[in-house]
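A.B. asks: File follows, upload-v3.cif with mmCIF, N, CA, C and O atoms and all ligand atoms:
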```
data_start
loop_
_atom_site.group_PDB
_atom_site.id
_atom_site.type_symbol
_atom_site.label_atom_id
_atom_site.label_comp_id
_atom_site.auth_asym_id
_atom_site.auth_seq_id
_atom_site.Cartn_x
_atom_site.Cartn_y
_atom_site.Cartn_z
ATOM 1 N N MET T 1 -2.253 14.078 -13.691
ATOM 2 C CA MET T 1 -2.230 13.053 -12.640
ATOM 3 C C MET T 1 -2.994 13.556 -11.417
ATOM 4 O O MET T 1 -2.933 14.723 -11.073
ATOM 5 N N GLN T 2 -3.726 12.637 -10.818
ATOM 6 C CA GLN T 2 -4.457 12.966 -9.599
ATOM 7 C C GLN T 2 -3.851 12.177 -8.438
ATOM 8 O O GLN T 2 -3.386 11.060 -8.625
ATOM 9 N N ILE T 3 -3.896 12.762 -7.272
ATOM 10 C CA ILE T 3 -3.441 12.011 -6.098
ATOM 11 C C ILE T 3 -4.451 12.146 -4.968
ATOM 12 O O ILE T 3 -5.202 13.114 -4.887
ATOM 13 N N VAL T 4 -4.433 11.114 -4.142
ATOM 14 C CA VAL T 4 -5.193 11.147 -2.900
ATOM 15 C C VAL T 4 -4.247 10.664 -1.814
ATOM 16 O O VAL T 4 -3.543 9.670 -1.997
ATOM 17 N N VAL T 5 -4.197 11.382 -0.719
ATOM 18 C CA VAL T 5 -3.379 10.943 0.409
ATOM 19 C C VAL T 5 -4.304 10.499 1.530
ATOM 20 O O VAL T 5 -5.224 11.228 1.919
ATOM 21 N N ASP T 6 -4.086 9.294 1.991
ATOM 22 C CA ASP T 6 -4.854 8.784 3.123
ATOM 23 C C ASP T 6 -4.286 9.404 4.397
ATOM 24 O O ASP T 6 -3.286 8.937 4.944
ATOM 25 N N LEU T 7 -4.931 10.463 4.848
ATOM 26 C CA LEU T 7 -4.385 11.224 5.970
ATOM 27 C C LEU T 7 -4.503 10.473 7.293
ATOM 28 O O LEU T 7 -3.869 10.848 8.272
ATOM 29 N N THR T 8 -5.295 9.409 7.310
ATOM 30 C CA THR T 8 -5.355 8.622 8.534
ATOM 31 C C THR T 8 -4.112 7.736 8.652
ATOM 32 O O THR T 8 -3.784 7.271 9.735
ATOM 33 N N ARG T 9 -3.429 7.500 7.515
ATOM 34 C CA ARG T 9 -2.197 6.706 7.557
ATOM 35 C C ARG T 9 -0.969 7.589 7.663
ATOM 36 O O ARG T 9 0.051 7.179 8.208
ATOM 37 N N CYS T 10 -1.066 8.789 7.088
ATOM 38 C CA CYS T 10 0.095 9.681 7.032
ATOM 39 C C CYS T 10 0.675 9.908 8.425
ATOM 40 O O CYS T 10 -0.051 10.198 9.364
ATOM 41 N N GLN T 11 1.991 9.786 8.516
ATOM 42 C CA GLN T 11 2.666 9.968 9.801
ATOM 43 C C GLN T 11 3.429 11.274 9.872
ATOM 44 O O GLN T 11 4.201 11.501 10.803
ATOM 45 N N GLY T 12 3.262 12.109 8.862
ATOM 46 C CA GLY T 12 3.914 13.411 8.896
ATOM 47 C C GLY T 12 5.430 13.336 8.837
ATOM 48 O O GLY T 12 6.119 14.204 9.360
ATOM 49 N N CYS T 13 5.946 12.333 8.156
ATOM 50 C CA CYS T 13 7.395 12.148 8.122
ATOM 51 C C CYS T 13 8.086 13.130 7.182
ATOM 52 O O CYS T 13 9.292 13.278 7.216
ATOM 53 N N ALA T 14 7.318 13.731 6.286
ATOM 54 C CA ALA T 14 7.810 14.774 5.372
ATOM 55 C C ALA T 14 8.658 14.262 4.213
ATOM 56 O O ALA T 14 9.271 15.044 3.511
ATOM 57 N N GLN T 15 8.690 12.958 4.014
ATOM 58 C CA GLN T 15 9.417 12.432 2.846
ATOM 59 C C GLN T 15 8.847 13.007 1.555
ATOM 60 O O GLN T 15 9.582 13.393 0.650
ATOM 61 N N CYS T 16 7.525 13.042 1.484
ATOM 62 C CA CYS T 16 6.896 13.533 0.252
ATOM 63 C C CYS T 16 7.145 15.029 0.077
ATOM 64 O O CYS T 16 7.331 15.498 -1.046
ATOM 65 N N VAL T 17 7.171 15.753 1.177
ATOM 66 C CA VAL T 17 7.429 17.192 1.113
ATOM 67 C C VAL T 17 8.844 17.438 0.603
ATOM 68 O O VAL T 17 9.095 18.328 -0.210
ATOM 69 N N PHE T 18 9.762 16.605 1.044
ATOM 70 C CA PHE T 18 11.153 16.724 0.621
ATOM 71 C C PHE T 18 11.293 16.427 -0.871
ATOM 72 O O PHE T 18 12.016 17.113 -1.592
ATOM 73 N N LEU T 19 10.567 15.414 -1.334
ATOM 74 C CA LEU T 19 10.720 14.973 -2.730
ATOM 75 C C LEU T 19 9.901 15.810 -3.711
ATOM 76 O O LEU T 19 10.290 15.965 -4.864
ATOM 77 N N ALA T 20 8.765 16.325 -3.275
ATOM 78 C CA ALA T 20 7.912 17.105 -4.175
ATOM 79 C C ALA T 20 7.327 18.310 -3.436
ATOM 80 O O ALA T 20 6.137 18.369 -3.162
ATOM 81 N N PRO T 21 8.183 19.271 -3.120
ATOM 82 C CA PRO T 21 7.748 20.419 -2.302
ATOM 83 C C PRO T 21 6.697 21.303 -2.965
ATOM 84 O O PRO T 21 6.022 22.071 -2.277
ATOM 85 N N ASP T 22 6.557 21.201 -4.282
ATOM 86 C CA ASP T 22 5.530 22.006 -4.945
ATOM 87 C C ASP T 22 4.143 21.398 -4.807
ATOM 88 O O ASP T 22 3.138 22.038 -5.104
ATOM 89 N N VAL T 23 4.095 20.138 -4.392
ATOM 90 C CA VAL T 23 2.809 19.437 -4.304
ATOM 91 C C VAL T 23 2.399 19.195 -2.856
ATOM 92 O O VAL T 23 1.231 19.295 -2.506
ATOM 93 N N PHE T 24 3.381 18.876 -2.008
ATOM 94 C CA PHE T 24 3.079 18.553 -0.612
ATOM 95 C C PHE T 24 3.635 19.618 0.322
ATOM 96 O O PHE T 24 4.702 20.185 0.067
ATOM 97 N N ALA T 25 2.924 19.862 1.399
ATOM 98 C CA ALA T 25 3.417 20.784 2.418
ATOM 99 C C ALA T 25 2.918 20.295 3.769
ATOM 100 O O ALA T 25 1.818 19.758 3.886
ATOM 101 N N LEU T 26 3.742 20.470 4.764
ATOM 102 C CA LEU T 26 3.349 20.093 6.124
ATOM 103 C C LEU T 26 3.054 21.350 6.927
ATOM 104 O O LEU T 26 3.818 22.306 6.913
ATOM 105 N N HIS T 27 1.923 21.311 7.606
ATOM 106 C CA HIS T 27 1.578 22.426 8.479
ATOM 107 C C HIS T 27 1.334 21.871 9.867
ATOM 108 O O HIS T 27 0.432 21.067 10.070
ATOM 109 N N GLY T 28 2.167 22.251 10.775
ATOM 110 C CA GLY T 28 1.999 21.742 12.124
ATOM 111 C C GLY T 28 2.517 20.315 12.243
ATOM 112 O O GLY T 28 3.221 19.822 11.367
ATOM 113 N N GLU T 29 2.138 19.660 13.310
ATOM 114 C CA GLU T 29 2.665 18.342 13.626
ATOM 115 C C GLU T 29 2.421 17.304 12.539
ATOM 116 O O GLU T 29 3.339 16.739 11.986
ATOM 117 N N GLU T 30 1.169 17.051 12.213
ATOM 118 C CA GLU T 30 0.869 16.013 11.234
ATOM 119 C C GLU T 30 -0.138 16.479 10.208
ATOM 120 O O GLU T 30 -0.876 15.691 9.636
ATOM 121 N N GLY T 31 -0.173 17.783 9.966
ATOM 122 C CA GLY T 31 -1.145 18.287 9.020
ATOM 123 C C GLY T 31 -0.551 18.393 7.633
ATOM 124 O O GLY T 31 0.125 19.358 7.308
ATOM 125 N N LEU T 32 -0.809 17.388 6.818
ATOM 126 C CA LEU T 32 -0.275 17.401 5.462
ATOM 127 C C LEU T 32 -1.271 18.053 4.515
ATOM 128 O O LEU T 32 -2.448 17.704 4.499
ATOM 129 N N LEU T 33 -0.763 19.000 3.736
ATOM 130 C CA LEU T 33 -1.571 19.607 2.681
ATOM 131 C C LEU T 33 -0.982 19.165 1.351
ATOM 132 O O LEU T 33 0.217 18.991 1.233
ATOM 133 N N TYR T 34 -1.847 18.993 0.341
ATOM 134 C CA TYR T 34 -1.323 18.595 -0.958
ATOM 135 C C TYR T 34 -2.245 19.077 -2.066
ATOM 136 O O TYR T 34 -3.413 19.391 -1.828
ATOM 137 N N ALA T 35 -1.695 19.117 -3.254
ATOM 138 C CA ALA T 35 -2.475 19.523 -4.423
ATOM 139 C C ALA T 35 -3.006 18.270 -5.104
ATOM 140 O O ALA T 35 -2.231 17.477 -5.645
ATOM 141 N N PRO T 36 -4.326 18.037 -5.074
ATOM 142 C CA PRO T 36 -4.889 16.802 -5.638
ATOM 143 C C PRO T 36 -4.639 16.659 -7.137
ATOM 144 O O PRO T 36 -4.493 15.545 -7.626
ATOM 145 N N ALA T 37 -4.594 17.776 -7.841
ATOM 146 C CA ALA T 37 -4.320 17.736 -9.280
ATOM 147 C C ALA T 37 -2.854 18.112 -9.487
ATOM 148 O O ALA T 37 -2.454 19.245 -9.292
ATOM 149 N N VAL T 38 -2.068 17.109 -9.865
ATOM 150 C CA VAL T 38 -0.625 17.318 -9.969
ATOM 151 C C VAL T 38 -0.261 17.861 -11.348
ATOM 152 O O VAL T 38 -0.622 17.266 -12.357
ATOM 153 N N PRO T 39 0.470 18.974 -11.400
ATOM 154 C CA PRO T 39 0.926 19.494 -12.692
ATOM 155 C C PRO T 39 1.822 18.472 -13.392
ATOM 156 O O PRO T 39 2.534 17.702 -12.733
ATOM 157 N N ASP T 40 1.795 18.495 -14.717
ATOM 158 C CA ASP T 40 2.559 17.513 -15.490
ATOM 159 C C ASP T 40 4.045 17.506 -15.136
ATOM 160 O O ASP T 40 4.676 16.453 -15.132
ATOM 161 N N ASP T 41 4.585 18.681 -14.838
ATOM 162 C CA ASP T 41 6.024 18.723 -14.564
ATOM 163 C C ASP T 41 6.378 18.224 -13.170
ATOM 164 O O ASP T 41 7.545 18.198 -12.794
ATOM 165 N N GLN T 42 5.360 17.805 -12.415
ATOM 166 C CA GLN T 42 5.610 17.301 -11.062
ATOM 167 C C GLN T 42 5.326 15.809 -10.923
ATOM 168 O O GLN T 42 5.515 15.233 -9.851
ATOM 169 N N THR T 43 4.865 15.185 -12.000
ATOM 170 C CA THR T 43 4.403 13.805 -11.858
ATOM 171 C C THR T 43 5.524 12.855 -11.455
ATOM 172 O O THR T 43 5.311 11.953 -10.650
ATOM 173 N N GLU T 44 6.723 13.053 -12.001
ATOM 174 C CA GLU T 44 7.810 12.140 -11.649
ATOM 175 C C GLU T 44 8.180 12.292 -10.182
ATOM 176 O O GLU T 44 8.428 11.314 -9.479
ATOM 177 N N ARG T 45 8.201 13.534 -9.724
ATOM 178 C CA ARG T 45 8.503 13.772 -8.306
ATOM 179 C C ARG T 45 7.456 13.116 -7.403
ATOM 180 O O ARG T 45 7.772 12.562 -6.355
ATOM 181 N N VAL T 46 6.194 13.221 -7.838
ATOM 182 C CA VAL T 46 5.124 12.651 -7.027
ATOM 183 C C VAL T 46 5.219 11.120 -7.016
ATOM 184 O O VAL T 46 4.982 10.479 -5.994
ATOM 185 N N ARG T 47 5.597 10.535 -8.147
ATOM 186 C CA ARG T 47 5.788 9.075 -8.163
ATOM 187 C C ARG T 47 6.884 8.670 -7.184
ATOM 188 O O ARG T 47 6.775 7.669 -6.481
ATOM 189 N N GLN T 48 7.951 9.445 -7.141
ATOM 190 C CA GLN T 48 9.034 9.155 -6.197
ATOM 191 C C GLN T 48 8.548 9.306 -4.763
ATOM 192 O O GLN T 48 8.886 8.507 -3.887
ATOM 193 N N ALA T 49 7.748 10.341 -4.529
ATOM 194 C CA ALA T 49 7.227 10.569 -3.179
ATOM 195 C C ALA T 49 6.323 9.413 -2.759
ATOM 196 O O ALA T 49 6.397 8.934 -1.620
ATOM 197 N N ALA T 50 5.472 8.957 -3.691
ATOM 198 C CA ALA T 50 4.568 7.849 -3.375
ATOM 199 C C ALA T 50 5.367 6.590 -3.051
ATOM 200 O O ALA T 50 5.034 5.839 -2.135
ATOM 201 N N ALA T 51 6.450 6.378 -3.790
ATOM 202 C CA ALA T 51 7.285 5.201 -3.552
ATOM 203 C C ALA T 51 8.030 5.312 -2.231
ATOM 204 O O ALA T 51 8.311 4.309 -1.582
ATOM 205 N N ALA T 52 8.352 6.543 -1.836
ATOM 206 C CA ALA T 52 9.152 6.755 -0.633
ATOM 207 C C ALA T 52 8.311 6.793 0.634
ATOM 208 O O ALA T 52 8.832 6.647 1.729
ATOM 209 N N CYS T 53 7.007 6.995 0.485
ATOM 210 C CA CYS T 53 6.158 7.098 1.670
ATOM 211 C C CYS T 53 6.216 5.796 2.470
ATOM 212 O O CYS T 53 5.928 4.732 1.940
ATOM 213 N N PRO T 54 6.594 5.867 3.737
ATOM 214 C CA PRO T 54 6.793 4.653 4.534
ATOM 215 C C PRO T 54 5.503 3.897 4.839
ATOM 216 O O PRO T 54 5.542 2.726 5.200
ATOM 217 N N VAL T 55 4.366 4.553 4.684
ATOM 218 C CA VAL T 55 3.094 3.884 4.993
ATOM 219 C C VAL T 55 2.188 3.786 3.757
ATOM 220 O O VAL T 55 1.001 3.491 3.859
ATOM 221 N N GLN T 56 2.761 4.027 2.576
ATOM 222 C CA GLN T 56 1.997 3.960 1.317
ATOM 223 C C GLN T 56 0.680 4.735 1.395
ATOM 224 O O GLN T 56 -0.359 4.250 0.971
ATOM 225 N N ALA T 57 0.755 5.934 1.915
ATOM 226 C CA ALA T 57 -0.467 6.726 2.068
ATOM 227 C C ALA T 57 -0.821 7.493 0.798
ATOM 228 O O ALA T 57 -1.927 7.993 0.678
ATOM 229 N N ILE T 58 0.138 7.576 -0.135
ATOM 230 C CA ILE T 58 -0.089 8.378 -1.345
ATOM 231 C C ILE T 58 -0.547 7.470 -2.483
ATOM 232 O O ILE T 58 0.172 6.573 -2.905
ATOM 233 N N LEU T 59 -1.779 7.724 -2.941
ATOM 234 C CA LEU T 59 -2.300 7.001 -4.097
ATOM 235 C C LEU T 59 -2.231 7.943 -5.283
ATOM 236 O O LEU T 59 -2.778 9.043 -5.246
ATOM 237 N N ALA T 60 -1.563 7.500 -6.343
ATOM 238 C CA ALA T 60 -1.398 8.348 -7.517
ATOM 239 C C ALA T 60 -1.878 7.604 -8.748
ATOM 240 O O ALA T 60 -1.666 6.411 -8.892
ATOM 241 N N GLY T 61 -2.554 8.329 -9.617
ATOM 242 C CA GLY T 61 -3.017 7.711 -10.847
ATOM 243 C C GLY T 61 -3.693 8.742 -11.704
ATOM 244 O O GLY T 61 -3.833 9.894 -11.309
ATOM 245 N N GLU T 62 -4.134 8.318 -12.876
ATOM 246 C CA GLU T 62 -4.758 9.283 -13.772
ATOM 247 C C GLU T 62 -6.173 9.622 -13.325
ATOM 248 O O GLU T 62 -6.689 10.664 -13.625
ATOM 249 N N GLU T 63 -6.802 8.707 -12.611
ATOM 250 C CA GLU T 63 -8.186 8.973 -12.241
ATOM 251 C C GLU T 63 -8.543 8.329 -10.910
ATOM 252 O O GLU T 63 -9.564 7.676 -10.785
ATOM 253 N N VAL T 64 -7.685 8.517 -9.907
ATOM 254 C CA VAL T 64 -7.966 7.897 -8.621
ATOM 255 C C VAL T 64 -9.201 8.492 -7.960
ATOM 256 O O VAL T 64 -9.816 7.861 -7.109
ATOM 257 N N THR T 65 -9.572 9.704 -8.367
ATOM 258 C CA THR T 65 -10.740 10.301 -7.737
ATOM 259 C C THR T 65 -11.997 10.127 -8.594
ATOM 260 O O THR T 65 -13.082 10.437 -8.156
ATOM 261 N N ALA T 66 -11.823 9.657 -9.828
ATOM 262 C CA ALA T 66 -12.969 9.545 -10.732
ATOM 263 C C ALA T 66 -13.701 8.229 -10.510
ATOM 264 O O ALA T 66 -13.114 7.166 -10.475
ATOM 265 N N GLY T 67 -14.979 8.322 -10.345
ATOM 266 C CA GLY T 67 -15.796 7.126 -10.227
ATOM 267 C C GLY T 67 -15.499 6.289 -9.002
ATOM 268 O O GLY T 67 -15.920 5.151 -8.923
ATOM 269 N N GLY T 68 -14.841 6.848 -8.035
ATOM 270 C CA GLY T 68 -14.356 6.125 -6.847
ATOM 271 C C GLY T 68 -15.236 5.009 -6.323
ATOM 272 O O GLY T 68 -16.372 4.870 -6.700
ATOM 273 N N ARG T 69 -14.670 4.172 -5.478
ATOM 274 C CA ARG T 69 -15.432 3.057 -4.964
ATOM 275 C C ARG T 69 -15.813 3.274 -3.518
ATOM 276 O O ARG T 69 -15.091 3.904 -2.797
HETATM 277 S S1 LIG T 101 5.666 10.497 2.910
HETATM 278 FE FE1 LIG T 101 3.690 9.561 3.483
HETATM 279 S S2 LIG T 101 3.678 9.460 5.728
HETATM 280 FE FE2 LIG T 101 5.295 10.879 5.115
HETATM 281 S S3 LIG T 101 4.334 12.913 5.190
HETATM 282 FE FE3 LIG T 101 4.151 12.163 3.071
HETATM 283 S S4 LIG T 101 2.148 11.104 2.974
HETATM 284 FE FE4 LIG T 101 2.680 11.367 5.136
#
```
With the file now loaded, output its structure as structure tokens.
C.D. replies:
Amino acid sequence: MQIVVDLTRCQGCAQCVFLAPDVFALHGEEGLLYAPAVPDDQTERVRQAAAACPVQAILAGEEVTAGGR
């Protein structure tokens, strides 16, 4: 699974960090770091994080970065 986080929307609320700490990390006030290529054992957590994000900044899919628009 691949993810892209729209960092211009991210509000640094840390919901995703709480739900999937192996994939998301917060550094400083609003500096979100994440692993674009999600390990298979983290995909369910990442789906929950994407659903929980208050601004829908997390895009998750099998090929969100492939062939982009
Ligand atoms: S849940 Fe969404 S808004 Fe909150 S830190 Fe994660 S990406 Fe940013």
A.B. asks: Please identify which residues in segment 7-69 of chain T DSSP calls strand (DSSP E) from the backbone, and express them as a PyMOL selection string.
C.D. replies: chain T and resi 24-27+31-34+58-61
A.B. asks: Go through the chains and note each residue within 6 Å of ligand LIG 101 (chain T), using all atoms listed in the file, then give the set as number ranges by chain.
C.D. replies: T: 9-17, 49, 52-58
A.B. asks: Here's the selection I'm unsure about, the PyMOL selection byres (((chain T and resi 59) around 8) and not hetatm); applied to the file above, which residues does it give, as a ChimeraX atom specification?
C.D. replies: /T:1-6,36,46,50,56-58,60-62,64-65
A.B. asks: Step one, run DSSP on the backbone; step two, keep only residues of chain T assigned to alpha helix (DSSP H); then write them as a ChimeraX atom specification.
C.D. replies: /T:15-19,43-52
A.B. asks: Write to file, as a PDB file, in the coordinates of the input, the residues of the selection just made, with N, CA, C and O atoms.
C.D. replies:
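Saved to again30.pdb:
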```pdb
ATOM      1  N   GLN T  15       8.690  12.958   4.014  1.00  0.00           N
ATOM      2  CA  GLN T  15       9.417  12.432   2.846  1.00  0.00           C
ATOM      3  C   GLN T  15       8.847  13.007   1.555  1.00  0.00           C
ATOM      4  O   GLN T  15       9.582  13.393   0.650  1.00  0.00           O
ATOM      5  N   CYS T  16       7.525  13.042   1.484  1.00  0.00           N
ATOM      6  CA  CYS T  16       6.896  13.533   0.252  1.00  0.00           C
ATOM      7  C   CYS T  16       7.145  15.029   0.077  1.00  0.00           C
ATOM      8  O   CYS T  16       7.331  15.498  -1.046  1.00  0.00           O
ATOM      9  N   VAL T  17       7.171  15.753   1.177  1.00  0.00           N
ATOM     10  CA  VAL T  17       7.429  17.192   1.113  1.00  0.00           C
ATOM     11  C   VAL T  17       8.844  17.438   0.603  1.00  0.00           C
ATOM     12  O   VAL T  17       9.095  18.328  -0.210  1.00  0.00           O
ATOM     13  N   PHE T  18       9.762  16.605   1.044  1.00  0.00           N
ATOM     14  CA  PHE T  18      11.153  16.724   0.621  1.00  0.00           C
ATOM     15  C   PHE T  18      11.293  16.427  -0.871  1.00  0.00           C
ATOM     16  O   PHE T  18      12.016  17.113  -1.592  1.00  0.00           O
ATOM     17  N   LEU T  19      10.567  15.414  -1.334  1.00  0.00           N
ATOM     18  CA  LEU T  19      10.720  14.973  -2.730  1.00  0.00           C
ATOM     19  C   LEU T  19       9.901  15.810  -3.711  1.00  0.00           C
ATOM     20  O   LEU T  19      10.290  15.965  -4.864  1.00  0.00           O
ATOM     21  N   THR T  43       4.865  15.185 -12.000  1.00  0.00           N
ATOM     22  CA  THR T  43       4.403  13.805 -11.858  1.00  0.00           C
ATOM     23  C   THR T  43       5.524  12.855 -11.455  1.00  0.00           C
ATOM     24  O   THR T  43       5.311  11.953 -10.650  1.00  0.00           O
ATOM     25  N   GLU T  44       6.723  13.053 -12.001  1.00  0.00           N
ATOM     26  CA  GLU T  44       7.810  12.140 -11.649  1.00  0.00           C
ATOM     27  C   GLU T  44       8.180  12.292 -10.182  1.00  0.00           C
ATOM     28  O   GLU T  44       8.428  11.314  -9.479  1.00  0.00           O
ATOM     29  N   ARG T  45       8.201  13.534  -9.724  1.00  0.00           N
ATOM     30  CA  ARG T  45       8.503  13.772  -8.306  1.00  0.00           C
ATOM     31  C   ARG T  45       7.456  13.116  -7.403  1.00  0.00           C
ATOM     32  O   ARG T  45       7.772  12.562  -6.355  1.00  0.00           O
ATOM     33  N   VAL T  46       6.194  13.221  -7.838  1.00  0.00           N
ATOM     34  CA  VAL T  46       5.124  12.651  -7.027  1.00  0.00           C
ATOM     35  C   VAL T  46       5.219  11.120  -7.016  1.00  0.00           C
ATOM     36  O   VAL T  46       4.982  10.479  -5.994  1.00  0.00           O
ATOM     37  N   ARG T  47       5.597  10.535  -8.147  1.00  0.00           N
ATOM     38  CA  ARG T  47       5.788   9.075  -8.163  1.00  0.00           C
ATOM     39  C   ARG T  47       6.884   8.670  -7.184  1.00  0.00           C
ATOM     40  O   ARG T  47       6.775   7.669  -6.481  1.00  0.00           O
ATOM     41  N   GLN T  48       7.951   9.445  -7.141  1.00  0.00           N
ATOM     42  CA  GLN T  48       9.034   9.155  -6.197  1.00  0.00           C
ATOM     43  C   GLN T  48       8.548   9.306  -4.763  1.00  0.00           C
ATOM     44  O   GLN T  48       8.886   8.507  -3.887  1.00  0.00           O
ATOM     45  N   ALA T  49       7.748  10.341  -4.529  1.00  0.00           N
ATOM     46  CA  ALA T  49       7.227  10.569  -3.179  1.00  0.00           C
ATOM     47  C   ALA T  49       6.323   9.413  -2.759  1.00  0.00           C
ATOM     48  O   ALA T  49       6.397   8.934  -1.620  1.00  0.00           O
ATOM     49  N   ALA T  50       5.472   8.957  -3.691  1.00  0.00           N
ATOM     50  CA  ALA T  50       4.568   7.849  -3.375  1.00  0.00           C
ATOM     51  C   ALA T  50       5.367   6.590  -3.051  1.00  0.00           C
ATOM     52  O   ALA T  50       5.034   5.839  -2.135  1.00  0.00           O
ATOM     53  N   ALA T  51       6.450   6.378  -3.790  1.00  0.00           N
ATOM     54  CA  ALA T  51       7.285   5.201  -3.552  1.00  0.00           C
ATOM     55  C   ALA T  51       8.030   5.312  -2.231  1.00  0.00           C
ATOM     56  O   ALA T  51       8.311   4.309  -1.582  1.00  0.00           O
ATOM     57  N   ALA T  52       8.352   6.543  -1.836  1.00  0.00           N
ATOM     58  CA  ALA T  52       9.152   6.755  -0.633  1.00  0.00           C
ATOM     59  C   ALA T  52       8.311   6.793   0.634  1.00  0.00           C
ATOM     60  O   ALA T  52       8.832   6.647   1.729  1.00  0.00           O
TER      61      ALA T  52
END
```
A.B. asks: Just to confirm, what's the straight-line distance from atom O of Leu19 of chain T to atom C of Glu44 of chain T in Å (one decimal)?
C.D. replies: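 The value is 6.8 Å.
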A.B. asks: State, in Å with one decimal place, the distance from atom O of Pro39 of chain T to atom CA of Leu26 of chain T.
C.D. replies: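 If I compute the distance from atom O of Pro39 of chain T to atom CA of Leu26 of chain T, I get 19.0 Å.
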A.B. asks: Take atom C of Leu7 of chain T and atom O of Gln42 of chain T and report the distance between them in Å, one decimal.
C.D. replies: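 We find that atom C of Leu7 of chain T and atom O of Gln42 of chain T lie 20.4 Å from each other.
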A.B. asks: Give the padded box for segment 2-11 of chain T as AutoDock Vina command-line options: axis-aligned, covering all atoms listed in the file, 3 Å on each side, centre and edge lengths in Å to one decimal.
C.D. replies:
```
--center_x -0.6 --center_y 9.9 --center_z 0.0 --size_x 15.6 --size_y 12.4 --size_z 27.6
```
A.B. asks: Take segment 5-10 of chain T, bring it up to all heavy atoms, and give me the output as a short mmCIF file (atom, residue, chain, number, x, y, z; two decimals), in the coordinates of the input.
C.D. replies:
```
data_model
loop_
_atom_site.label_atom_id
_atom_site.label_comp_id
_atom_site.auth_asym_id
_atom_site.auth_seq_id
_atom_site.Cartn_x
_atom_site.Cartn_y
_atom_site.Cartn_z
N VAL T 5 -4.20 11.38 -0.72
CA VAL T 5 -3.38 10.94 0.41
C VAL T 5 -4.30 10.50 1.53
O VAL T 5 -5.22 11.23 1.92
CB VAL T 5 -2.46 12.07 0.91
CG1 VAL T 5 -1.64 11.59 2.11
CG2 VAL T 5 -1.53 12.54 -0.20
N ASP T 6 -4.09 9.29 1.99
CA ASP T 6 -4.85 8.78 3.12
C ASP T 6 -4.29 9.40 4.40
O ASP T 6 -3.29 8.94 4.94
CB ASP T 6 -4.74 7.26 3.18
CG ASP T 6 -5.61 6.68 4.29
OD1 ASP T 6 -6.06 7.44 5.16
OD2 ASP T 6 -5.84 5.47 4.25
N LEU T 7 -4.93 10.46 4.85
CA LEU T 7 -4.38 11.22 5.97
C LEU T 7 -4.50 10.47 7.29
O LEU T 7 -3.87 10.85 8.27
CB LEU T 7 -5.08 12.58 6.06
CG LEU T 7 -4.82 13.49 4.84
CD1 LEU T 7 -5.62 14.78 4.96
CD2 LEU T 7 -3.34 13.80 4.68
N THR T 8 -5.30 9.41 7.31
CA THR T 8 -5.36 8.62 8.53
C THR T 8 -4.11 7.74 8.65
O THR T 8 -3.78 7.27 9.74
CB THR T 8 -6.61 7.73 8.57
OG1 THR T 8 -6.56 6.80 7.49
CG2 THR T 8 -7.87 8.57 8.47
N ARG T 9 -3.43 7.50 7.52
CA ARG T 9 -2.20 6.71 7.56
C ARG T 9 -0.97 7.59 7.66
O ARG T 9 0.05 7.18 8.21
CB ARG T 9 -2.07 5.86 6.29
CG ARG T 9 -3.19 4.86 6.13
CD ARG T 9 -3.04 4.12 4.83
NE ARG T 9 -2.32 2.86 5.00
CZ ARG T 9 -2.09 2.02 4.01
NH1 ARG T 9 -2.46 2.29 2.80
NH2 ARG T 9 -1.46 0.89 4.23
N CYS T 10 -1.07 8.79 7.09
CA CYS T 10 0.10 9.68 7.03
C CYS T 10 0.68 9.91 8.43
O CYS T 10 -0.05 10.20 9.36
CB CYS T 10 -0.33 11.01 6.42
SG CYS T 10 0.96 12.27 6.50
#
```
